[in-house]
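Asker: My structure is in protein.cif, and what it holds is mmCIF, C-alpha atoms and all ligand atoms:
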data_my_file
#
loop_
_atom_site.label_atom_id
_atom_site.label_comp_id
_atom_site.auth_asym_id
_atom_site.auth_seq_id
_atom_site.Cartn_x
_atom_site.Cartn_y
_atom_site.Cartn_z
CA MET A 1 0.00 0.00 0.00
CA MET A 2 1.17 3.53 -0.78
CA LYS A 3 -0.24 6.63 0.85
CA ILE A 4 0.58 10.27 0.14
CA ASP A 5 -0.77 13.63 1.30
CA ILE A 6 -1.92 16.06 -1.37
CA ASN A 7 -2.75 19.41 0.18
CA LYS A 8 -5.49 18.49 2.72
CA SER A 9 -6.36 15.12 1.18
CA VAL A 10 -4.94 11.62 1.15
CA LEU A 11 -4.30 9.53 -1.96
CA GLU A 12 -3.93 5.78 -1.40
CA LEU A 13 -3.01 2.88 -3.64
CA VAL A 14 -4.02 -0.58 -2.46
CA GLU A 15 -4.19 -3.99 -4.05
CA GLY A 16 -7.66 -5.44 -3.55
CA ASP A 17 -11.31 -5.76 -4.52
CA ILE A 18 -13.33 -2.59 -5.17
CA THR A 19 -16.57 -4.18 -3.88
CA ARG A 20 -15.16 -4.52 -0.35
CA GLN A 21 -14.22 -0.88 0.22
CA ASP A 22 -15.66 1.13 3.11
CA THR A 23 -15.41 4.52 1.38
CA ASP A 24 -18.54 6.71 1.02
CA ALA A 25 -18.66 5.74 -2.65
CA ILE A 26 -17.04 3.20 -4.91
CA VAL A 27 -16.73 3.88 -8.63
CA ASN A 28 -17.98 1.41 -11.21
CA ALA A 29 -16.31 0.89 -14.58
CA ALA A 30 -19.70 0.82 -16.31
CA ASN A 31 -20.72 0.78 -19.96
CA THR A 32 -22.96 3.38 -21.64
CA SER A 33 -26.13 1.33 -21.10
CA LEU A 34 -25.59 1.21 -17.29
CA LEU A 35 -27.34 -2.15 -17.49
CA GLY A 36 -24.47 -4.28 -16.27
CA GLY A 37 -21.50 -6.10 -17.73
CA GLY A 38 -18.50 -8.15 -16.70
CA GLY A 39 -15.38 -7.23 -14.75
CA VAL A 40 -15.85 -4.58 -12.06
CA ASP A 41 -19.43 -3.95 -13.18
CA GLY A 42 -20.46 -7.59 -12.73
CA ALA A 43 -18.70 -7.80 -9.37
CA ILE A 44 -20.42 -4.64 -8.05
CA HIS A 45 -23.92 -5.72 -9.11
CA SER A 46 -23.45 -9.20 -7.71
CA ALA A 47 -22.09 -7.96 -4.36
CA GLY A 48 -24.45 -4.96 -4.08
CA GLY A 49 -27.71 -6.66 -5.03
CA PRO A 50 -30.63 -5.72 -7.32
CA LYS A 51 -31.34 -2.21 -5.95
CA ILE A 52 -28.36 -0.82 -7.85
CA LEU A 53 -29.57 -2.13 -11.24
CA GLU A 54 -33.10 -0.94 -10.44
CA GLU A 55 -31.82 2.65 -10.07
CA CYS A 56 -29.55 2.30 -13.10
CA ARG A 57 -32.53 1.37 -15.28
CA LYS A 58 -34.14 4.71 -14.47
CA LEU A 59 -31.06 6.69 -15.52
CA GLY A 60 -31.29 5.88 -19.23
CA GLY A 61 -27.59 5.30 -19.81
CA CYS A 62 -24.47 7.42 -19.48
CA PRO A 63 -22.23 8.81 -22.28
CA THR A 64 -18.52 8.00 -22.27
CA GLY A 65 -16.61 10.31 -19.90
CA GLU A 66 -19.66 11.19 -17.80
CA ALA A 67 -20.81 9.80 -14.43
CA ARG A 68 -24.05 8.95 -12.61
CA ILE A 69 -24.76 8.01 -8.98
CA THR A 70 -26.92 5.32 -7.36
CA THR A 71 -27.33 3.67 -3.99
CA GLY A 72 -24.68 1.22 -2.86
CA GLY A 73 -27.35 -1.38 -2.11
CA ASN A 74 -25.86 -4.07 0.13
CA LEU A 75 -22.31 -2.78 -0.22
CA LYS A 76 -20.41 -1.12 2.63
CA ALA A 77 -20.17 1.98 0.44
CA ARG A 78 -23.37 4.05 0.59
CA TYR A 79 -23.15 5.02 -3.08
CA VAL A 80 -21.94 3.70 -6.38
CA ILE A 81 -20.71 6.26 -8.90
CA HIS A 82 -21.05 4.74 -12.37
CA THR A 83 -18.71 6.15 -14.96
CA VAL A 84 -17.87 5.09 -18.49
CA GLY A 85 -14.26 5.10 -19.58
CA PRO A 86 -13.33 4.98 -23.29
CA VAL A 87 -12.74 1.85 -25.31
CA TYR A 88 -9.08 2.05 -26.37
CA HIS A 89 -8.55 1.97 -30.14
CA ASP A 90 -5.25 3.54 -31.24
CA GLY A 91 -4.86 6.42 -28.78
CA LYS A 92 -5.99 8.94 -31.40
CA GLN A 93 -9.74 8.82 -30.69
CA HIS A 94 -9.67 11.21 -27.70
CA GLU A 95 -9.13 8.26 -25.35
CA ALA A 96 -6.87 10.20 -22.96
CA GLU A 97 -9.29 13.11 -22.64
CA LEU A 98 -12.29 10.82 -22.19
CA LEU A 99 -10.49 8.79 -19.52
CA ALA A 100 -9.55 11.96 -17.61
CA ASN A 101 -13.17 13.14 -17.89
CA ALA A 102 -14.45 9.87 -16.39
CA TYR A 103 -12.28 10.38 -13.28
CA LYS A 104 -12.99 14.10 -13.03
CA ASN A 105 -16.76 13.81 -13.48
CA SER A 106 -16.87 11.05 -10.85
CA LEU A 107 -15.11 13.34 -8.37
CA ILE A 108 -17.37 16.29 -9.22
CA LEU A 109 -20.39 14.08 -8.48
CA ALA A 110 -18.83 13.03 -5.16
CA SER A 111 -18.25 16.67 -4.21
CA HIS A 112 -21.84 17.61 -5.11
CA HIS A 113 -23.14 14.81 -2.88
CA LYS A 114 -20.87 15.87 -0.02
CA LEU A 115 -19.00 12.57 -0.05
CA ARG A 116 -15.62 12.55 1.70
CA SER A 117 -14.05 9.34 0.43
CA VAL A 118 -14.10 7.61 -2.96
CA ALA A 119 -12.53 4.37 -4.21
CA PHE A 120 -11.70 3.91 -7.90
CA PRO A 121 -10.82 0.81 -9.90
CA SER A 122 -8.46 1.20 -12.85
CA LEU A 123 -11.02 2.41 -15.42
CA SER A 124 -10.85 1.15 -19.02
CA THR A 125 -7.90 -1.22 -18.44
CA GLY A 126 -9.87 -4.49 -18.57
CA ALA A 127 -12.33 -5.26 -21.36
CA TYR A 128 -11.82 -1.75 -22.78
CA GLY A 129 -8.15 -2.41 -23.47
CA TYR A 130 -6.46 0.82 -22.31
CA PRO A 131 -2.72 0.18 -21.76
CA MET A 132 -2.37 0.10 -17.96
CA ASN A 133 0.73 2.27 -17.72
CA GLU A 134 -0.75 5.11 -19.80
CA ALA A 135 -4.07 4.83 -18.01
CA ALA A 136 -2.37 5.00 -14.60
CA ILE A 137 -0.58 8.26 -15.42
CA ILE A 138 -3.84 9.88 -16.59
CA ALA A 139 -5.85 8.53 -13.64
CA LEU A 140 -3.36 9.68 -11.01
CA LYS A 141 -2.71 13.09 -12.56
CA THR A 142 -6.43 13.81 -12.88
CA VAL A 143 -7.14 12.85 -9.27
CA VAL A 144 -4.14 14.75 -7.89
CA ASP A 145 -5.12 17.91 -9.81
CA TYR A 146 -8.70 17.63 -8.52
CA VAL A 147 -8.00 17.11 -4.83
CA LYS A 148 -5.41 19.91 -4.83
CA ILE A 149 -8.29 22.36 -5.30
CA HIS A 150 -11.06 20.26 -3.67
CA PRO A 151 -10.08 19.56 -0.06
CA GLU A 152 -13.69 18.49 0.65
CA ILE A 153 -12.66 15.11 -0.78
CA HIS A 154 -10.60 13.75 2.10
CA LEU A 155 -9.61 10.40 0.64
CA VAL A 156 -9.23 8.92 -2.84
CA ARG A 157 -8.23 5.27 -2.90
CA PHE A 158 -7.23 3.36 -6.04
CA VAL A 159 -8.07 -0.31 -5.62
CA LEU A 160 -5.87 -2.28 -7.99
CA PHE A 161 -6.74 -5.82 -8.93
CA GLY A 162 -3.60 -7.96 -8.69
CA SER A 163 0.04 -7.17 -7.99
CA LYS A 164 0.89 -6.23 -11.57
CA ALA A 165 -1.76 -3.50 -11.64
CA TYR A 166 -0.69 -2.32 -8.20
CA GLN A 167 2.97 -2.09 -9.22
CA THR A 168 2.10 -0.19 -12.39
CA TYR A 169 0.18 2.43 -10.41
CA GLU A 170 2.86 2.64 -7.73
CA LYS A 171 5.53 3.33 -10.33
CA ALA A 172 3.34 5.93 -12.07
CA LEU A 173 2.64 7.72 -8.79
CA GLN A 174 6.33 7.76 -7.83
CA GLU A 175 7.09 9.36 -11.22
CA LEU A 176 4.30 11.90 -10.84
CA ILE A 177 5.38 13.17 -7.42
CA LYS A 178 9.13 13.31 -8.00
P1 LIG A 201 -13.35 -1.63 -18.44
O1 LIG A 201 -14.50 -2.17 -19.25
O2 LIG A 201 -13.52 -0.15 -18.08
O3 LIG A 201 -12.01 -1.96 -19.02
P2 LIG A 201 -13.19 -3.82 -16.47
O4 LIG A 201 -14.11 -4.03 -15.35
O5 LIG A 201 -13.16 -4.81 -17.57
O6 LIG A 201 -13.51 -2.33 -17.01
O7 LIG A 201 -11.70 -3.67 -15.91
C1 LIG A 201 -11.18 -2.53 -15.28
C2 LIG A 201 -10.05 -2.92 -14.35
O8 LIG A 201 -10.60 -3.40 -13.13
C3 LIG A 201 -9.15 -4.02 -14.87
O9 LIG A 201 -7.80 -3.62 -14.69
C4 LIG A 201 -9.51 -5.24 -14.01
O10 LIG A 201 -8.40 -6.07 -13.78
C5 LIG A 201 -9.94 -4.59 -12.72
N1 LIG A 201 -10.88 -5.36 -11.87
C6 LIG A 201 -11.65 -6.42 -12.18
N2 LIG A 201 -12.39 -6.81 -11.11
C7 LIG A 201 -12.08 -5.96 -10.09
C8 LIG A 201 -12.49 -5.84 -8.72
N3 LIG A 201 -13.38 -6.67 -8.18
N4 LIG A 201 -11.94 -4.83 -7.97
C9 LIG A 201 -11.04 -3.98 -8.50
N5 LIG A 201 -10.62 -4.04 -9.78
C10 LIG A 201 -11.13 -5.02 -10.57
#
Would you write the structure of this file as structure tokens?
Answerer:
Amino acid sequence: MMKIDINKSVLELVEGDITRQDTDAIVNAANTSLLGGGGVDGAIHSAGGPKILEECRKLGGCPTGEARITTGGNLKARYVIHTVGPVYHDGKQHEAELLANAYKNSLILASHHKLRSVAFPSLSTGAYGYPMNEAAIIALKTVVDYVKIHPEIHLVRFVLFGSKAYQTYEKALQELIK
């Protein structure tokens, strides 16, 4: 685990399972339908129960780079923030900007709902194919820039699935802060 202070906030990297986090919200790597999928999305709906999908159905989808919020159902987290990262093609289809938007819009939603702590998975790096190293740099930079000017978010935790993902984020964060 790695933990650093950024202005008045804390940024943490941990290896683990996003569904088990005790933060005010956890972020879902959703798709534009918000009607469920595999990976993180499948894990969140199966751990959180049917209330989450019930609320998602009423939202009518979510464009890439935007975010929506629902109950956390049976999860420890009170809320799930659903965001849609880009599918990675060749890096020339605005992927970087869309990925940054997904993180930033999730944090804006957390601020608007007066949430203090948020846990993120590594968006777009599973089924959506974003190279993990490039995605990590964008994810960390976007979050650091946000919390610098938004001290109302006390904690952002990246929950990385497996040691390879964890090490990639750790290396990217060490680069970013040096
Ligand atoms: P996307 O469609 O945005 O690529 P995925 O859910 O397929 O989303 O994968 C995003 C990342 O989340 C991948 O790096 C994957 O290894 C990781 N992941 C999968 N399950 C979990 C989990 N339970 N907790 C945290 N991360 C997870």
Asker: Which residue gives the smallest distance to Glu66 in chain A among A:Gly42, A:Pro86, A:Pro50, A:Gly16, with only C-alpha atoms counted?
Answerer: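 Among A:Gly42, A:Pro86, A:Pro50, A:Gly16, it is A:Pro86 that comes nearest to Glu66 in chain A.
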Asker: Produce as a list in words the set of residues near ligand LIG 201 (chain A), where near means within 6 Å with all atoms listed in the file considered.
Answerer: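 I would give the residues around ligand LIG 201 (chain A) as Asp17, Ile18, Thr19, Ala29, Gly39, Val40, Asp41, Ala43, Gly85, Pro121, Ser122, Leu123, Ser124, Thr125, Gly126, Ala127, Tyr128, Gly129, Val159, Leu160 and Phe161 of chain A.
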Asker: Calculate how many Å separate CA of Ile177 in chain A from CA of Leu115 in chain A, rounding to one decimal.
Answerer: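 It comes out at 25.5 Å.
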Asker: Which residues, written as a list in words, have at least one atom at most 12 Å from Ile4 in chain A, with all atoms listed in the file counted and residues fewer than 2 positions away on the same chain left out?
Answerer: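 The contact residues come out as Met1, Met2, Ile6, Asn7, Lys8, Ser9, Val10, Leu11, Glu12, Leu13, Leu140, Val144, His154, Leu155, Val156, Arg157, Glu170, Leu173, Gln174, Leu176 and Ile177 of chain A.
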Asker: Could you jot down the CA of Thr23 in chain A to CA of Ala77 in chain A separation for me, Å, one decimal place?
Answerer: 5.5 Å
Asker: Which one of A:Glu152, A:Lys164, A:Ser106, A:Ala172 sits closest to Ala136 in chain A if you count all atoms listed in the file?
Answerer: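 Once distances to Ala136 in chain A are computed over all atoms listed in the file, the minimum belongs to A:Ala172.
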Asker: Identify, on the basis of only C-alpha atoms, every residue whose closest approach to Arg78 in chain A does not exceed 6 Å; exclude the query and any residue fewer than 5 positions from it along the same chain; express the result as a list in words.
Answerer: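 With the cut-off at 6 Å, the set is Asp24, Ala25 and Gly72 of chain A.
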Asker: For a test of reading the model, state the distance in Å between CA of Gly49 in chain A and CA of Ser117 in chain A, rounded to one decimal.
Answerer: 21.7 Å
Asker: Out of A:Thr70, A:Leu107, A:Lys58, A:Arg116, which residue has the shortest atom-to-atom distance to His45 in chain A when counting only C-alpha atoms?
Answerer: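 Of the candidates, the smallest distance to His45 in chain A is held by A:Thr70.
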Asker: Tell me which protein, DNA and RNA residues are within 10 Å of range 59-62 of chain A, counting only C-alpha atoms, leaving out same-chain ones fewer than 5 positions away, and put them as a list of chain:residue names.
Answerer: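 The filter keeps A:Ala30, A:Asn31, A:Thr32, A:Ser33, A:Leu34, A:Leu35, A:Leu53, A:Glu54, A:Ala67, A:Arg68, A:Ile69, A:Thr70, A:His82, A:Thr83, A:Val84.
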Asker: Give me, as JSON, numbers by chain, all polymer residues having an atom no more than 10 Å from Glu134 in chain A, counting only C-alpha atoms and skipping those fewer than 2 positions away in the same chain.
Answerer: {"A": [91, 96, 125, 130, 131, 132, 136, 137, 138, 139, 168, 169, 172]}
Asker: Can range 96-107 of chain A be brought up to N, CA and C atoms and written out as a PDB file, in the frame of the given file?
Answerer:
ATOM      1  N   ALA A  96      -7.481   9.618 -24.168  1.00  0.00           N
ATOM      2  CA  ALA A  96      -6.870  10.200 -22.960  1.00  0.00           C
ATOM      3  C   ALA A  96      -7.802  11.219 -22.303  1.00  0.00           C
ATOM      4  N   GLU A  97      -8.383  12.076 -23.142  1.00  0.00           N
ATOM      5  CA  GLU A  97      -9.290  13.110 -22.640  1.00  0.00           C
ATOM      6  C   GLU A  97     -10.555  12.479 -22.030  1.00  0.00           C
ATOM      7  N   LEU A  98     -11.076  11.476 -22.692  1.00  0.00           N
ATOM      8  CA  LEU A  98     -12.290  10.820 -22.190  1.00  0.00           C
ATOM      9  C   LEU A  98     -12.014  10.079 -20.884  1.00  0.00           C
ATOM     10  N   LEU A  99     -10.829   9.488 -20.768  1.00  0.00           N
ATOM     11  CA  LEU A  99     -10.490   8.790 -19.520  1.00  0.00           C
ATOM     12  C   LEU A  99     -10.352   9.803 -18.371  1.00  0.00           C
ATOM     13  N   ALA A 100      -9.676  10.906 -18.637  1.00  0.00           N
ATOM     14  CA  ALA A 100      -9.550  11.960 -17.610  1.00  0.00           C
ATOM     15  C   ALA A 100     -10.936  12.473 -17.207  1.00  0.00           C
ATOM     16  N   ASN A 101     -11.815  12.666 -18.185  1.00  0.00           N
ATOM     17  CA  ASN A 101     -13.170  13.140 -17.890  1.00  0.00           C
ATOM     18  C   ASN A 101     -13.926  12.167 -16.986  1.00  0.00           C
ATOM     19  N   ALA A 102     -13.747  10.872 -17.209  1.00  0.00           N
ATOM     20  CA  ALA A 102     -14.450   9.870 -16.390  1.00  0.00           C
ATOM     21  C   ALA A 102     -14.027  10.013 -14.918  1.00  0.00           C
ATOM     22  N   TYR A 103     -12.738  10.173 -14.668  1.00  0.00           N
ATOM     23  CA  TYR A 103     -12.280  10.380 -13.280  1.00  0.00           C
ATOM     24  C   TYR A 103     -12.788  11.705 -12.724  1.00  0.00           C
ATOM     25  N   LYS A 104     -12.624  12.772 -13.522  1.00  0.00           N
ATOM     26  CA  LYS A 104     -12.990  14.100 -13.030  1.00  0.00           C
ATOM     27  C   LYS A 104     -14.491  14.216 -12.758  1.00  0.00           C
ATOM     28  N   ASN A 105     -15.310  13.716 -13.671  1.00  0.00           N
ATOM     29  CA  ASN A 105     -16.760  13.810 -13.480  1.00  0.00           C
ATOM     30  C   ASN A 105     -17.231  12.949 -12.306  1.00  0.00           C
ATOM     31  N   SER A 106     -16.549  11.865 -12.034  1.00  0.00           N
ATOM     32  CA  SER A 106     -16.870  11.050 -10.850  1.00  0.00           C
ATOM     33  C   SER A 106     -16.586  11.840  -9.572  1.00  0.00           C
ATOM     34  N   LEU A 107     -15.472  12.547  -9.549  1.00  0.00           N
ATOM     35  CA  LEU A 107     -15.110  13.340  -8.370  1.00  0.00           C
ATOM     36  C   LEU A 107     -16.036  14.535  -8.192  1.00  0.00           C
TER      37      LEU A 107
END
